[in-house]
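S.K.: Quick one: the structure is below, and I'll ask about it shortly.
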Amino acid sequence: MTTVQTGSKNLTVVKNNGIAEVHIHVNKTNSYDLDYYKELNAAIDDIRFDTDIKVAVLLSDMPKFFSAGANINFLKASEPRFKTQFCLFCNETLDKIARSPQIWIACLEGHTVGGGLEMALACDLRFMGSEAGKIGLPEITLGVLAGTGGTQRLLRQVGHSKALDLNLTGDTLSPQEALDIRLVDRVFPQEETRAKTLEYAEKIANSATYAAQNIKLSIMNGKEMPLNAAIRYEGELQNLLFRSNDAQEGLSAFIGKRAADWSGQ
């Protein structure tokens with residue numbers, strides 16, 4: 001697959017071999033405004049409709065920050081109704097990541113706080129460098145709450161009491177502390193973080209990607225259902241997979257003791 005690169009003021013998207021790398025480069029802390037989220041929204045839409053892309057990796061081009069969240073001066077200068085609509089648009093954009101057929105991975109090589117963490121929480125997986133800095137939701141120190149999914153996605157990620165604790169105190173965590181409470185999924189040696197994340201992405205992109213998409217749907221949608229309904233939903237997705245080309249190929253490859261040649265269908 002030919003490498004394709006597209007860019008805008010705040011984002012660059014690089015597509016290659018089934019993977020889309022979404023590079024953030026707003027400013028030195030990647031503190032963003034509405035223009036950034038419009039660009040992110042457009043990039044997500046483009047990736048969602050690209051059937052060649054199986055995995056997307058969200059990462060920063062800034063050496064010390066994944067993102068510090070929304071630009072405080074931008075928020076201060078905005079009137080309340082605008083800020084409310086801004087948060088709504090951010091939430092709608094991030095929900096597209098969660099509902100996307102692609103697997104999204106946040107590669108966290110620097111400080112990840114406030115809206116930066118909320119972006120990462122919308123992704124399916126979060127990988128962090130061992131010396132990446134701090135991660136958390138300090139919005140209470142500004143007299144507000146984490147309003148682009150921070151209270152709700154954090155709750156579903158780490159549980160009620162820990163989410164309440166982190167939101168009430170505004171405390172930030174080290175990478176290891178974040179791993180201990182399952183806020184991030186893996187911590188890599190700092191200098192290997194990007195390479196290890198892309199290695200993981202390549203593994204998914206070269207696997208049974210139709211199954212991977214349905215696994216994501218089953219977990220993402222099933223967690224909001226009662227267990228009996230979720231089990232039935234899981235069964236419906238499994239029925240689709242049983243009829244797929246990849247399922248036939250996977251069974252044949254296993255019986256034939258050979259590597260599977262996945263088609264993603």
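Residue numbering restarts at 1 in every chain; chains get A, B, ... in the order shown in the structure tokens, and ligands count up from 1 in that same order.
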Write down as number ranges by chain the residues of stretch 56-232 of chain A whose backbone DSSP state falls under alpha helix (DSSP H).
M.R.: A: 72-77, 80-99, 115-122, 150-158, 160-169, 175-180, 193-205, 209-222, 227-232
S.K.: Looking only at strand (DSSP E or B) from DSSP on the backbone, list the matching residues of stretch 50-227 of chain A as a ChimeraX atom specification.
M.R.: /A:55-60,65-67,69-70,103-108,111-113,125-129,135-136,172-173,186-188
S.K.: Residues near stretch 75-84 of chain A, anyone? I mean within 12 Å using only C-alpha atoms, not counting same-chain ones fewer than 3 positions away, as a ChimeraX atom specification.
M.R.: /A:31-34,69-72,87-91,142,144,147-148
S.K.: Please, which residues in stretch 78-143 of chain A fall within 7 Å of stretch 57-60 of chain A when counting only C-alpha atoms, and what is the closest atom pair and distance in Å to one decimal for each, ordered by chain then residue number, as JSON lines?
M.R.:
{"residue": "A:Trp104", "atom": "CA", "partner": "A:Val57", "partner_atom": "CA", "distance": 5.8}
{"residue": "A:Ile105", "atom": "CA", "partner": "A:Val57", "partner_atom": "CA", "distance": 4.8}
{"residue": "A:Ala106", "atom": "CA", "partner": "A:Leu58", "partner_atom": "CA", "distance": 4.8}
{"residue": "A:Cys107", "atom": "CA", "partner": "A:Leu59", "partner_atom": "CA", "distance": 5.1}
{"residue": "A:Leu108", "atom": "CA", "partner": "A:Leu59", "partner_atom": "CA", "distance": 6.6}
S.K.: Could you dump the residues just selected with C-alpha atoms as an mmCIF file, in the first residue's frame?
M.R.:
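Generated output (part.cif):
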data_model
loop_
_atom_site.group_PDB
_atom_site.id
_atom_site.type_symbol
_atom_site.label_atom_id
_atom_site.label_comp_id
_atom_site.auth_asym_id
_atom_site.auth_seq_id
_atom_site.Cartn_x
_atom_site.Cartn_y
_atom_site.Cartn_z
ATOM 1 C CA TRP A 104 -8.008 3.386 17.759
ATOM 2 C CA ILE A 105 -4.871 3.514 19.910
ATOM 3 C CA ALA A 106 -3.655 6.572 21.818
ATOM 4 C CA CYS A 107 0.149 6.719 21.928
ATOM 5 C CA LEU A 108 1.006 8.842 24.973
#
S.K.: What does the structure give for the distance between atom CA of A:Ala20 and atom CA of A:Leu240, in Å to one decimal?
M.R.: 26.2 Å
S.K.: Select, from A:Gly7, A:Gly250, A:Pro63, A:Gly159, the residue with the minimum atom-to-atom distance to A:Lys28, counting only C-alpha atoms.
M.R.: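 Checking each candidate against A:Lys28, we get A:Pro63 as the closest.
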